[in-house]
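What follows is target-v9.csv (CSV, N, CA and C atoms).
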```csv
chain,number,residue,atom,x,y,z
I,28,MET,N,50.8,-21.3,0.5
I,28,MET,CA,51.2,-22.1,1.7
I,28,MET,C,50.0,-23.0,2.1
I,29,GLU,N,48.8,-22.3,2.2
I,29,GLU,CA,47.6,-23.0,2.6
I,29,GLU,C,47.3,-24.2,1.6
I,30,ALA,N,47.5,-24.0,0.4
I,30,ALA,CA,47.2,-25.0,-0.6
I,30,ALA,C,48.1,-26.2,-0.4
I,31,LEU,N,49.4,-25.9,-0.1
I,31,LEU,CA,50.4,-27.0,0.1
I,31,LEU,C,50.0,-27.8,1.4
I,32,VAL,N,49.6,-27.1,2.4
I,32,VAL,CA,49.1,-27.8,3.6
I,32,VAL,C,47.9,-28.7,3.3
I,33,LYS,N,47.0,-28.2,2.6
I,33,LYS,CA,45.8,-29.0,2.3
I,33,LYS,C,46.2,-30.2,1.4
I,34,LYS,N,47.1,-30.0,0.5
I,34,LYS,CA,47.5,-31.1,-0.4
I,34,LYS,C,48.1,-32.2,0.4
I,35,TYR,N,49.0,-31.9,1.2
I,35,TYR,CA,49.7,-32.9,2.0
I,35,TYR,C,48.9,-33.5,3.1
I,36,THR,N,47.9,-32.8,3.6
I,36,THR,CA,46.9,-33.3,4.5
I,36,THR,C,46.1,-34.4,3.8
I,37,LYS,N,45.7,-34.1,2.6
I,37,LYS,CA,44.9,-35.1,1.8
I,37,LYS,C,45.8,-36.3,1.5
I,38,ALA,N,47.1,-36.1,1.2
I,38,ALA,CA,48.0,-37.2,0.9
I,38,ALA,C,48.1,-38.2,2.0
I,39,PHE,N,48.0,-37.7,3.2
I,39,PHE,CA,48.1,-38.6,4.4
I,39,PHE,C,46.7,-39.1,4.8
I,40,LYS,N,45.7,-38.8,3.9
I,40,LYS,CA,44.3,-39.3,4.1
I,40,LYS,C,43.8,-39.0,5.5
I,41,SER,N,44.1,-37.8,5.9
I,41,SER,CA,43.7,-37.3,7.2
I,41,SER,C,42.3,-36.7,7.1
I,42,ASN,N,41.4,-37.0,8.0
I,42,ASN,CA,40.1,-36.4,8.0
I,42,ASN,C,40.0,-35.1,8.7
I,43,LYS,N,41.2,-34.7,9.3
I,43,LYS,CA,41.2,-33.5,10.0
I,43,LYS,C,41.5,-32.3,9.1
I,44,SER,N,40.9,-31.2,9.3
I,44,SER,CA,41.1,-30.0,8.6
I,44,SER,C,42.4,-29.4,9.1
I,45,MET,N,43.3,-29.0,8.2
I,45,MET,CA,44.6,-28.5,8.7
I,45,MET,C,44.9,-27.1,7.9
I,46,SER,N,45.5,-26.2,8.6
I,46,SER,CA,45.9,-24.9,8.1
I,46,SER,C,47.3,-24.6,8.6
I,47,PRO,N,47.9,-23.6,7.9
I,47,PRO,CA,49.2,-23.2,8.4
I,47,PRO,C,49.2,-22.7,9.8
I,48,HIS,N,48.1,-22.0,10.2
I,48,HIS,CA,47.9,-21.5,11.5
I,48,HIS,C,47.8,-22.6,12.5
I,49,LYS,N,47.1,-23.7,12.2
I,49,LYS,CA,47.0,-24.8,13.1
I,49,LYS,C,48.4,-25.5,13.3
I,50,LEU,N,49.1,-25.6,12.2
I,50,LEU,CA,50.5,-26.2,12.3
I,50,LEU,C,51.4,-25.4,13.2
I,51,ARG,N,51.3,-24.1,13.0
I,51,ARG,CA,52.1,-23.1,13.8
I,51,ARG,C,51.7,-23.2,15.3
I,52,HIS,N,50.4,-23.2,15.5
I,52,HIS,CA,50.0,-23.3,16.9
I,52,HIS,C,50.4,-24.6,17.6
I,53,THR,N,50.2,-25.7,16.8
I,53,THR,CA,50.6,-27.0,17.4
I,53,THR,C,52.1,-27.1,17.7
I,54,TYR,N,52.9,-26.5,16.8
I,54,TYR,CA,54.3,-26.5,17.0
I,54,TYR,C,54.7,-25.7,18.2
I,55,GLY,N,54.0,-24.5,18.4
I,55,GLY,CA,54.3,-23.6,19.5
I,55,GLY,C,53.9,-24.3,20.8
I,56,THR,N,52.7,-25.0,20.8
I,56,THR,CA,52.3,-25.6,22.0
I,56,THR,C,53.2,-26.8,22.4
I,57,ASN,N,53.6,-27.6,21.4
I,57,ASN,CA,54.5,-28.7,21.7
I,57,ASN,C,55.9,-28.2,22.2
I,58,LEU,N,56.4,-27.2,21.6
I,58,LEU,CA,57.7,-26.6,22.0
I,58,LEU,C,57.6,-26.2,23.4
I,59,MET,N,56.5,-25.5,23.8
I,59,MET,CA,56.4,-25.0,25.2
I,59,MET,C,56.3,-26.2,26.1
I,60,GLU,N,55.5,-27.2,25.8
I,60,GLU,CA,55.3,-28.4,26.6
I,60,GLU,C,56.7,-29.1,26.8
I,61,GLN,N,57.5,-29.2,25.8
I,61,GLN,CA,58.7,-29.9,25.9
I,61,GLN,C,59.9,-29.1,26.5
I,62,SER,N,59.9,-27.8,26.2
I,62,SER,CA,61.1,-27.1,26.7
I,62,SER,C,60.7,-26.2,27.9
I,63,GLY,N,59.5,-25.7,28.0
I,63,GLY,CA,59.1,-24.9,29.1
I,63,GLY,C,59.8,-23.5,29.0
I,64,ASP,N,60.4,-23.2,27.9
I,64,ASP,CA,61.2,-22.0,27.7
I,64,ASP,C,60.5,-21.0,26.9
I,65,ILE,N,59.9,-20.0,27.5
I,65,ILE,CA,59.1,-19.0,26.8
I,65,ILE,C,59.9,-18.2,25.9
I,66,HIS,N,61.2,-17.9,26.2
I,66,HIS,CA,62.0,-17.1,25.4
I,66,HIS,C,62.4,-17.8,24.1
I,67,LEU,N,62.6,-19.2,24.2
I,67,LEU,CA,62.8,-20.0,23.0
I,67,LEU,C,61.6,-19.9,22.1
I,68,LEU,N,60.5,-20.1,22.7
I,68,LEU,CA,59.2,-20.0,22.0
I,68,LEU,C,59.1,-18.7,21.2
I,69,MET,N,59.3,-17.6,22.0
I,69,MET,CA,59.3,-16.3,21.4
I,69,MET,C,60.2,-16.1,20.2
I,70,THR,N,61.4,-16.6,20.3
I,70,THR,CA,62.4,-16.6,19.2
I,70,THR,C,61.9,-17.4,18.0
I,71,GLN,N,61.4,-18.6,18.3
I,71,GLN,CA,61.0,-19.5,17.2
I,71,GLN,C,59.8,-19.0,16.4
I,72,LEU,N,58.8,-18.4,17.1
I,72,LEU,CA,57.6,-17.9,16.5
I,72,LEU,C,57.7,-16.4,16.1
I,73,GLY,N,58.7,-15.8,16.5
I,73,GLY,CA,58.9,-14.4,16.1
I,73,GLY,C,58.0,-13.4,16.9
I,74,HIS,N,57.7,-13.8,18.1
I,74,HIS,CA,56.9,-12.9,19.0
I,74,HIS,C,57.8,-11.9,19.7
I,75,THR,N,57.3,-10.7,19.9
I,75,THR,CA,58.1,-9.7,20.7
I,75,THR,C,57.6,-9.5,22.1
I,76,SER,N,56.5,-10.2,22.4
I,76,SER,CA,55.8,-10.0,23.7
I,76,SER,C,55.6,-11.3,24.4
I,77,THR,N,55.9,-11.4,25.6
I,77,THR,CA,55.7,-12.6,26.4
I,77,THR,C,54.2,-12.8,26.6
I,78,THR,N,53.4,-11.8,26.5
I,78,THR,CA,52.0,-11.9,26.6
I,78,THR,C,51.4,-12.8,25.4
I,79,THR,N,51.9,-12.5,24.2
I,79,THR,CA,51.5,-13.2,23.1
I,79,THR,C,52.0,-14.7,23.2
I,80,ALA,N,53.3,-14.8,23.5
I,80,ALA,CA,53.8,-16.2,23.7
I,80,ALA,C,53.1,-17.0,24.7
I,81,ALA,N,52.6,-16.3,25.8
I,81,ALA,CA,52.0,-17.0,26.9
I,81,ALA,C,50.7,-17.8,26.4
I,82,LEU,N,50.2,-17.4,25.3
I,82,LEU,CA,49.0,-18.2,24.8
I,82,LEU,C,49.3,-19.6,24.5
I,83,TYR,N,50.6,-20.0,24.4
I,83,TYR,CA,51.0,-21.4,24.2
I,83,TYR,C,51.3,-22.1,25.4
I,84,THR,N,51.3,-21.4,26.6
I,84,THR,CA,51.7,-22.0,27.8
I,84,THR,C,50.7,-22.8,28.6
I,85,ASN,N,49.4,-22.8,28.1
I,85,ASN,CA,48.4,-23.5,28.9
I,85,ASN,C,47.5,-24.3,27.9
I,86,PRO,N,48.1,-25.5,27.5
I,86,PRO,CA,47.4,-26.4,26.6
I,86,PRO,C,46.1,-26.9,27.2
I,87,GLU,N,46.0,-27.0,28.6
I,87,GLU,CA,44.8,-27.5,29.2
I,87,GLU,C,43.6,-26.7,28.9
I,88,GLN,N,43.8,-25.3,28.8
I,88,GLN,CA,42.8,-24.4,28.4
I,88,GLN,C,42.3,-24.7,27.0
I,89,GLU,N,43.3,-24.9,26.1
I,89,GLU,CA,43.0,-25.3,24.7
I,89,GLU,C,42.2,-26.6,24.6
I,90,ASN,N,42.6,-27.5,25.4
I,90,ASN,CA,41.9,-28.8,25.4
I,90,ASN,C,40.4,-28.6,26.0
I,91,ALA,N,40.3,-27.8,27.0
I,91,ALA,CA,38.9,-27.5,27.5
I,91,ALA,C,38.0,-26.9,26.5
I,92,LYS,N,38.6,-26.0,25.7
I,92,LYS,CA,37.8,-25.3,24.6
I,92,LYS,C,37.4,-26.3,23.6
I,93,LYS,N,38.3,-27.2,23.2
I,93,LYS,CA,38.0,-28.3,22.2
I,93,LYS,C,36.9,-29.2,22.7
I,94,ALA,N,37.0,-29.6,24.0
I,94,ALA,CA,36.0,-30.5,24.6
I,94,ALA,C,34.6,-29.8,24.6
I,95,ALA,N,34.5,-28.5,25.0
I,95,ALA,CA,33.3,-27.8,25.0
I,95,ALA,C,32.7,-27.7,23.6
I,96,LYS,N,33.5,-27.4,22.6
I,96,LYS,CA,33.0,-27.4,21.3
I,96,LYS,C,32.5,-28.7,20.8
I,97,GLN,N,33.1,-29.8,21.1
I,97,GLN,CA,32.6,-31.1,20.8
I,97,GLN,C,31.3,-31.4,21.4
I,98,LEU,N,31.2,-31.1,22.7
I,98,LEU,CA,29.9,-31.3,23.4
I,98,LEU,C,28.8,-30.5,22.7
I,99,GLY,N,29.1,-29.3,22.4
I,99,GLY,CA,28.1,-28.4,21.7
I,99,GLY,C,27.7,-29.1,20.3
I,100,GLU,N,28.6,-29.6,19.6
I,100,GLU,CA,28.3,-30.3,18.3
I,100,GLU,C,27.5,-31.5,18.6
I,101,ARG,N,27.8,-32.3,19.6
I,101,ARG,CA,27.0,-33.5,19.9
I,101,ARG,C,25.5,-33.1,20.2
I,102,ARG,N,25.3,-32.0,21.0
I,102,ARG,CA,24.0,-31.6,21.3
I,102,ARG,C,23.2,-31.2,20.1
I,103,ILE,N,23.9,-30.5,19.2
I,103,ILE,CA,23.2,-30.1,17.9
I,103,ILE,C,22.8,-31.3,17.1
I,104,ASN,N,23.8,-32.3,17.0
I,104,ASN,CA,23.5,-33.5,16.2
I,104,ASN,C,22.4,-34.3,16.9
I,105,TYR,N,22.4,-34.3,18.2
I,105,TYR,CA,21.3,-35.1,18.9
I,105,TYR,C,20.0,-34.5,18.7
I,106,ARG,N,19.9,-33.1,18.7
I,106,ARG,CA,18.6,-32.4,18.5
I,106,ARG,C,18.1,-32.6,17.1
I,107,GLU,N,19.1,-32.7,16.1
I,107,GLU,CA,18.7,-32.8,14.7
I,107,GLU,C,18.1,-34.2,14.4
I,108,LYS,N,18.5,-35.2,15.2
I,108,LYS,CA,18.0,-36.6,15.1
I,108,LYS,C,16.5,-36.7,15.5
I,109,ASP,N,16.1,-35.9,16.5
I,109,ASP,CA,14.8,-36.0,17.0
I,109,ASP,C,13.7,-35.5,16.1
```

Let me see whether you can do it: turn the structure in this file into structure tokens.
Amino acid sequence: MEALVKKYTKAFKSNKSMSPHKLRHTYGTNLMEQSGDIHLLMTQLGHTSTTTAALYTNPEQENAKKAAKQLGERRINYREKD
């Protein structure tokens, strides 16, 4: 499955790294944003616990983590240039 994801990611000339996990997480986050239905999300992703499904209910937290990671990478790159 992972090889197929990488193959098709390259076919679209995407610079982003993609994995089956990222696709699943993106699907879950988008489904939650669009429907707001945690039980639908649980059914679609095969979760048996609302606690697990709740990980997809706060994309702002996910965005904050990504932003912090990008800032950290910028700092590292800046220091390497000096």

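Each of I:Lys34, I:Lys93, I:Arg106, I:His52 was checked against I:Thr79 using only C-alpha atoms; the smallest atom-to-atom distance is that of I:His52.
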
Legend entry - Residue with smallest distance to I:Glu60 - pool I:Leu31, I:Ala81, I:Ala95, I:Arg101, counting only C-alpha atoms: I:Ala81

Legend entry - Near-I:Ala30 list (8 Å; only N, CA and C atoms; drop same-chain fewer than 6 positions) as a PyMOL selection string: chain I and resi 36+46-47

Please produce a file of the residues just selected, as a PDB file, in the coordinates of the input, where the atoms kept are N, CA and C atoms.
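What landed in result11.pdb:
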```pdb
ATOM      1  N   THR I  36      47.900 -32.800   3.600  1.00  0.00           N
ATOM      2  CA  THR I  36      46.900 -33.300   4.500  1.00  0.00           C
ATOM      3  C   THR I  36      46.100 -34.400   3.800  1.00  0.00           C
ATOM      4  N   SER I  46      45.500 -26.200   8.600  1.00  0.00           N
ATOM      5  CA  SER I  46      45.900 -24.900   8.100  1.00  0.00           C
ATOM      6  C   SER I  46      47.300 -24.600   8.600  1.00  0.00           C
ATOM      7  N   PRO I  47      47.900 -23.600   7.900  1.00  0.00           N
ATOM      8  CA  PRO I  47      49.200 -23.200   8.400  1.00  0.00           C
ATOM      9  C   PRO I  47      49.200 -22.700   9.800  1.00  0.00           C
TER      10      PRO I  47
END
```

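Distance-wise, atom N of I:Glu107 and atom N of I:Asn90 end up 25.8 Å apart.
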
So which bits of chain I end up helix (DSSP H, G or I) when you DSSP the backbone, as a tab-separated table (two decimals) with N, CA and C atoms, keeping the file's coordinate frame?
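Done, and the output landed in part.tsv:
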```
chain	number	residue	atom	x	y	z
I	29	GLU	N	48.80	-22.30	2.20
I	29	GLU	CA	47.60	-23.00	2.60
I	29	GLU	C	47.30	-24.20	1.60
I	30	ALA	N	47.50	-24.00	0.40
I	30	ALA	CA	47.20	-25.00	-0.60
I	30	ALA	C	48.10	-26.20	-0.40
I	31	LEU	N	49.40	-25.90	-0.10
I	31	LEU	CA	50.40	-27.00	0.10
I	31	LEU	C	50.00	-27.80	1.40
I	32	VAL	N	49.60	-27.10	2.40
I	32	VAL	CA	49.10	-27.80	3.60
I	32	VAL	C	47.90	-28.70	3.30
I	33	LYS	N	47.00	-28.20	2.60
I	33	LYS	CA	45.80	-29.00	2.30
I	33	LYS	C	46.20	-30.20	1.40
I	34	LYS	N	47.10	-30.00	0.50
I	34	LYS	CA	47.50	-31.10	-0.40
I	34	LYS	C	48.10	-32.20	0.40
I	35	TYR	N	49.00	-31.90	1.20
I	35	TYR	CA	49.70	-32.90	2.00
I	35	TYR	C	48.90	-33.50	3.10
I	36	THR	N	47.90	-32.80	3.60
I	36	THR	CA	46.90	-33.30	4.50
I	36	THR	C	46.10	-34.40	3.80
I	37	LYS	N	45.70	-34.10	2.60
I	37	LYS	CA	44.90	-35.10	1.80
I	37	LYS	C	45.80	-36.30	1.50
I	38	ALA	N	47.10	-36.10	1.20
I	38	ALA	CA	48.00	-37.20	0.90
I	38	ALA	C	48.10	-38.20	2.00
I	47	PRO	N	47.90	-23.60	7.90
I	47	PRO	CA	49.20	-23.20	8.40
I	47	PRO	C	49.20	-22.70	9.80
I	48	HIS	N	48.10	-22.00	10.20
I	48	HIS	CA	47.90	-21.50	11.50
I	48	HIS	C	47.80	-22.60	12.50
I	49	LYS	N	47.10	-23.70	12.20
I	49	LYS	CA	47.00	-24.80	13.10
I	49	LYS	C	48.40	-25.50	13.30
I	50	LEU	N	49.10	-25.60	12.20
I	50	LEU	CA	50.50	-26.20	12.30
I	50	LEU	C	51.40	-25.40	13.20
I	51	ARG	N	51.30	-24.10	13.00
I	51	ARG	CA	52.10	-23.10	13.80
I	51	ARG	C	51.70	-23.20	15.30
I	52	HIS	N	50.40	-23.20	15.50
I	52	HIS	CA	50.00	-23.30	16.90
I	52	HIS	C	50.40	-24.60	17.60
I	53	THR	N	50.20	-25.70	16.80
I	53	THR	CA	50.60	-27.00	17.40
I	53	THR	C	52.10	-27.10	17.70
I	54	TYR	N	52.90	-26.50	16.80
I	54	TYR	CA	54.30	-26.50	17.00
I	54	TYR	C	54.70	-25.70	18.20
I	55	GLY	N	54.00	-24.50	18.40
I	55	GLY	CA	54.30	-23.60	19.50
I	55	GLY	C	53.90	-24.30	20.80
I	56	THR	N	52.70	-25.00	20.80
I	56	THR	CA	52.30	-25.60	22.00
I	56	THR	C	53.20	-26.80	22.40
I	57	ASN	N	53.60	-27.60	21.40
I	57	ASN	CA	54.50	-28.70	21.70
I	57	ASN	C	55.90	-28.20	22.20
I	58	LEU	N	56.40	-27.20	21.60
I	58	LEU	CA	57.70	-26.60	22.00
I	58	LEU	C	57.60	-26.20	23.40
I	59	MET	N	56.50	-25.50	23.80
I	59	MET	CA	56.40	-25.00	25.20
I	59	MET	C	56.30	-26.20	26.10
I	60	GLU	N	55.50	-27.20	25.80
I	60	GLU	CA	55.30	-28.40	26.60
I	60	GLU	C	56.70	-29.10	26.80
I	61	GLN	N	57.50	-29.20	25.80
I	61	GLN	CA	58.70	-29.90	25.90
I	61	GLN	C	59.90	-29.10	26.50
I	62	SER	N	59.90	-27.80	26.20
I	62	SER	CA	61.10	-27.10	26.70
I	62	SER	C	60.70	-26.20	27.90
I	65	ILE	N	59.90	-20.00	27.50
I	65	ILE	CA	59.10	-19.00	26.80
I	65	ILE	C	59.90	-18.20	25.90
I	66	HIS	N	61.20	-17.90	26.20
I	66	HIS	CA	62.00	-17.10	25.40
I	66	HIS	C	62.40	-17.80	24.10
I	67	LEU	N	62.60	-19.20	24.20
I	67	LEU	CA	62.80	-20.00	23.00
I	67	LEU	C	61.60	-19.90	22.10
I	68	LEU	N	60.50	-20.10	22.70
I	68	LEU	CA	59.20	-20.00	22.00
I	68	LEU	C	59.10	-18.70	21.20
I	69	MET	N	59.30	-17.60	22.00
I	69	MET	CA	59.30	-16.30	21.40
I	69	MET	C	60.20	-16.10	20.20
I	70	THR	N	61.40	-16.60	20.30
I	70	THR	CA	62.40	-16.60	19.20
I	70	THR	C	61.90	-17.40	18.00
I	71	GLN	N	61.40	-18.60	18.30
I	71	GLN	CA	61.00	-19.50	17.20
I	71	GLN	C	59.80	-19.00	16.40
I	72	LEU	N	58.80	-18.40	17.10
I	72	LEU	CA	57.60	-17.90	16.50
I	72	LEU	C	57.70	-16.40	16.10
I	77	THR	N	55.90	-11.40	25.60
I	77	THR	CA	55.70	-12.60	26.40
I	77	THR	C	54.20	-12.80	26.60
I	78	THR	N	53.40	-11.80	26.50
I	78	THR	CA	52.00	-11.90	26.60
I	78	THR	C	51.40	-12.80	25.40
I	79	THR	N	51.90	-12.50	24.20
I	79	THR	CA	51.50	-13.20	23.10
I	79	THR	C	52.00	-14.70	23.20
I	80	ALA	N	53.30	-14.80	23.50
I	80	ALA	CA	53.80	-16.20	23.70
I	80	ALA	C	53.10	-17.00	24.70
I	81	ALA	N	52.60	-16.30	25.80
I	81	ALA	CA	52.00	-17.00	26.90
I	81	ALA	C	50.70	-17.80	26.40
I	82	LEU	N	50.20	-17.40	25.30
I	82	LEU	CA	49.00	-18.20	24.80
I	82	LEU	C	49.30	-19.60	24.50
I	83	TYR	N	50.60	-20.00	24.40
I	83	TYR	CA	51.00	-21.40	24.20
I	83	TYR	C	51.30	-22.10	25.40
I	86	PRO	N	48.10	-25.50	27.50
I	86	PRO	CA	47.40	-26.40	26.60
I	86	PRO	C	46.10	-26.90	27.20
I	87	GLU	N	46.00	-27.00	28.60
I	87	GLU	CA	44.80	-27.50	29.20
I	87	GLU	C	43.60	-26.70	28.90
I	88	GLN	N	43.80	-25.30	28.80
I	88	GLN	CA	42.80	-24.40	28.40
I	88	GLN	C	42.30	-24.70	27.00
I	89	GLU	N	43.30	-24.90	26.10
I	89	GLU	CA	43.00	-25.30	24.70
I	89	GLU	C	42.20	-26.60	24.60
I	90	ASN	N	42.60	-27.50	25.40
I	90	ASN	CA	41.90	-28.80	25.40
I	90	ASN	C	40.40	-28.60	26.00
I	91	ALA	N	40.30	-27.80	27.00
I	91	ALA	CA	38.90	-27.50	27.50
I	91	ALA	C	38.00	-26.90	26.50
I	92	LYS	N	38.60	-26.00	25.70
I	92	LYS	CA	37.80	-25.30	24.60
I	92	LYS	C	37.40	-26.30	23.60
I	93	LYS	N	38.30	-27.20	23.20
I	93	LYS	CA	38.00	-28.30	22.20
I	93	LYS	C	36.90	-29.20	22.70
I	94	ALA	N	37.00	-29.60	24.00
I	94	ALA	CA	36.00	-30.50	24.60
I	94	ALA	C	34.60	-29.80	24.60
I	95	ALA	N	34.50	-28.50	25.00
I	95	ALA	CA	33.30	-27.80	25.00
I	95	ALA	C	32.70	-27.70	23.60
I	96	LYS	N	33.50	-27.40	22.60
I	96	LYS	CA	33.00	-27.40	21.30
I	96	LYS	C	32.50	-28.70	20.80
I	97	GLN	N	33.10	-29.80	21.10
I	97	GLN	CA	32.60	-31.10	20.80
I	97	GLN	C	31.30	-31.40	21.40
I	98	LEU	N	31.20	-31.10	22.70
I	98	LEU	CA	29.90	-31.30	23.40
I	98	LEU	C	28.80	-30.50	22.70
I	99	GLY	N	29.10	-29.30	22.40
I	99	GLY	CA	28.10	-28.40	21.70
I	99	GLY	C	27.70	-29.10	20.30
I	100	GLU	N	28.60	-29.60	19.60
I	100	GLU	CA	28.30	-30.30	18.30
I	100	GLU	C	27.50	-31.50	18.60
I	101	ARG	N	27.80	-32.30	19.60
I	101	ARG	CA	27.00	-33.50	19.90
I	101	ARG	C	25.50	-33.10	20.20
I	102	ARG	N	25.30	-32.00	21.00
I	102	ARG	CA	24.00	-31.60	21.30
I	102	ARG	C	23.20	-31.20	20.10
I	103	ILE	N	23.90	-30.50	19.20
I	103	ILE	CA	23.20	-30.10	17.90
I	103	ILE	C	22.80	-31.30	17.10
I	104	ASN	N	23.80	-32.30	17.00
I	104	ASN	CA	23.50	-33.50	16.20
I	104	ASN	C	22.40	-34.30	16.90
I	105	TYR	N	22.40	-34.30	18.20
I	105	TYR	CA	21.30	-35.10	18.90
I	105	TYR	C	20.00	-34.50	18.70
I	106	ARG	N	19.90	-33.10	18.70
I	106	ARG	CA	18.60	-32.40	18.50
I	106	ARG	C	18.10	-32.60	17.10
I	107	GLU	N	19.10	-32.70	16.10
I	107	GLU	CA	18.70	-32.80	14.70
I	107	GLU	C	18.10	-34.20	14.40
I	108	LYS	N	18.50	-35.20	15.20
I	108	LYS	CA	18.00	-36.60	15.10
I	108	LYS	C	16.50	-36.70	15.50
```

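Interatomic distance, atom CA of I:Tyr54 to atom CA of I:Gly73: 13.0 Å.
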
Test item: residues at most 12 Å from I:Leu50, only C-alpha atoms, excluding those fewer than 3 positions along its chain, as a compact mmCIF listing (two decimals) with N, CA and C atoms, keeping the file's coordinate frame:
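out_2.txt written:
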```txt
# COMPACT_ATOMS: atom_id res chain seq x y z
N MET I 28 50.80 -21.30 0.50
CA MET I 28 51.20 -22.10 1.70
C MET I 28 50.00 -23.00 2.10
N GLU I 29 48.80 -22.30 2.20
CA GLU I 29 47.60 -23.00 2.60
C GLU I 29 47.30 -24.20 1.60
N VAL I 32 49.60 -27.10 2.40
CA VAL I 32 49.10 -27.80 3.60
C VAL I 32 47.90 -28.70 3.30
N LYS I 33 47.00 -28.20 2.60
CA LYS I 33 45.80 -29.00 2.30
C LYS I 33 46.20 -30.20 1.40
N THR I 36 47.90 -32.80 3.60
CA THR I 36 46.90 -33.30 4.50
C THR I 36 46.10 -34.40 3.80
N SER I 44 40.90 -31.20 9.30
CA SER I 44 41.10 -30.00 8.60
C SER I 44 42.40 -29.40 9.10
N MET I 45 43.30 -29.00 8.20
CA MET I 45 44.60 -28.50 8.70
C MET I 45 44.90 -27.10 7.90
N SER I 46 45.50 -26.20 8.60
CA SER I 46 45.90 -24.90 8.10
C SER I 46 47.30 -24.60 8.60
N PRO I 47 47.90 -23.60 7.90
CA PRO I 47 49.20 -23.20 8.40
C PRO I 47 49.20 -22.70 9.80
N THR I 53 50.20 -25.70 16.80
CA THR I 53 50.60 -27.00 17.40
C THR I 53 52.10 -27.10 17.70
N TYR I 54 52.90 -26.50 16.80
CA TYR I 54 54.30 -26.50 17.00
C TYR I 54 54.70 -25.70 18.20
N GLY I 55 54.00 -24.50 18.40
CA GLY I 55 54.30 -23.60 19.50
C GLY I 55 53.90 -24.30 20.80
N THR I 56 52.70 -25.00 20.80
CA THR I 56 52.30 -25.60 22.00
C THR I 56 53.20 -26.80 22.40
N ASN I 57 53.60 -27.60 21.40
CA ASN I 57 54.50 -28.70 21.70
C ASN I 57 55.90 -28.20 22.20
N LEU I 72 58.80 -18.40 17.10
CA LEU I 72 57.60 -17.90 16.50
C LEU I 72 57.70 -16.40 16.10
```

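Between atom N of I:Ile65 and atom CA of I:Thr77 the interatomic distance comes to 8.6 Å.
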
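Residue nearest I:Leu58 within the list I:Asn104, I:Lys43, I:Tyr83, I:Gly99: I:Tyr83 [criterion: smallest interatomic distance, only N, CA and C atoms].
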
Could you model all heavy atoms for stretch 78-82 of chain I and present them as a tab-separated table (two decimals), keeping the file's coordinate frame?
```
chain	number	residue	atom	x	y	z
I	78	THR	N	53.40	-11.80	26.50
I	78	THR	CA	52.00	-11.90	26.60
I	78	THR	C	51.40	-12.80	25.40
I	78	THR	O	50.60	-13.65	25.59
I	78	THR	CB	51.26	-10.55	26.59
I	78	THR	OG1	51.81	-9.77	27.66
I	78	THR	CG2	49.77	-10.68	26.76
I	79	THR	N	51.90	-12.50	24.20
I	79	THR	CA	51.50	-13.20	23.10
I	79	THR	C	52.00	-14.70	23.20
I	79	THR	O	51.27	-15.62	22.90
I	79	THR	CB	52.06	-12.59	21.77
I	79	THR	OG1	51.65	-11.22	21.73
I	79	THR	CG2	51.57	-13.31	20.53
I	80	ALA	N	53.30	-14.80	23.50
I	80	ALA	CA	53.80	-16.20	23.70
I	80	ALA	C	53.10	-17.00	24.70
I	80	ALA	O	53.05	-18.22	24.64
I	80	ALA	CB	55.33	-16.08	23.93
I	81	ALA	N	52.60	-16.30	25.80
I	81	ALA	CA	52.00	-17.00	26.90
I	81	ALA	C	50.70	-17.80	26.40
I	81	ALA	O	50.25	-18.66	27.13
I	81	ALA	CB	51.63	-16.03	27.98
I	82	LEU	N	50.20	-17.40	25.30
I	82	LEU	CA	49.00	-18.20	24.80
I	82	LEU	C	49.30	-19.60	24.50
I	82	LEU	O	48.39	-20.46	24.51
I	82	LEU	CB	48.53	-17.54	23.44
I	82	LEU	CG	48.05	-16.09	23.52
I	82	LEU	CD1	47.79	-15.55	22.12
I	82	LEU	CD2	46.79	-16.00	24.37
```
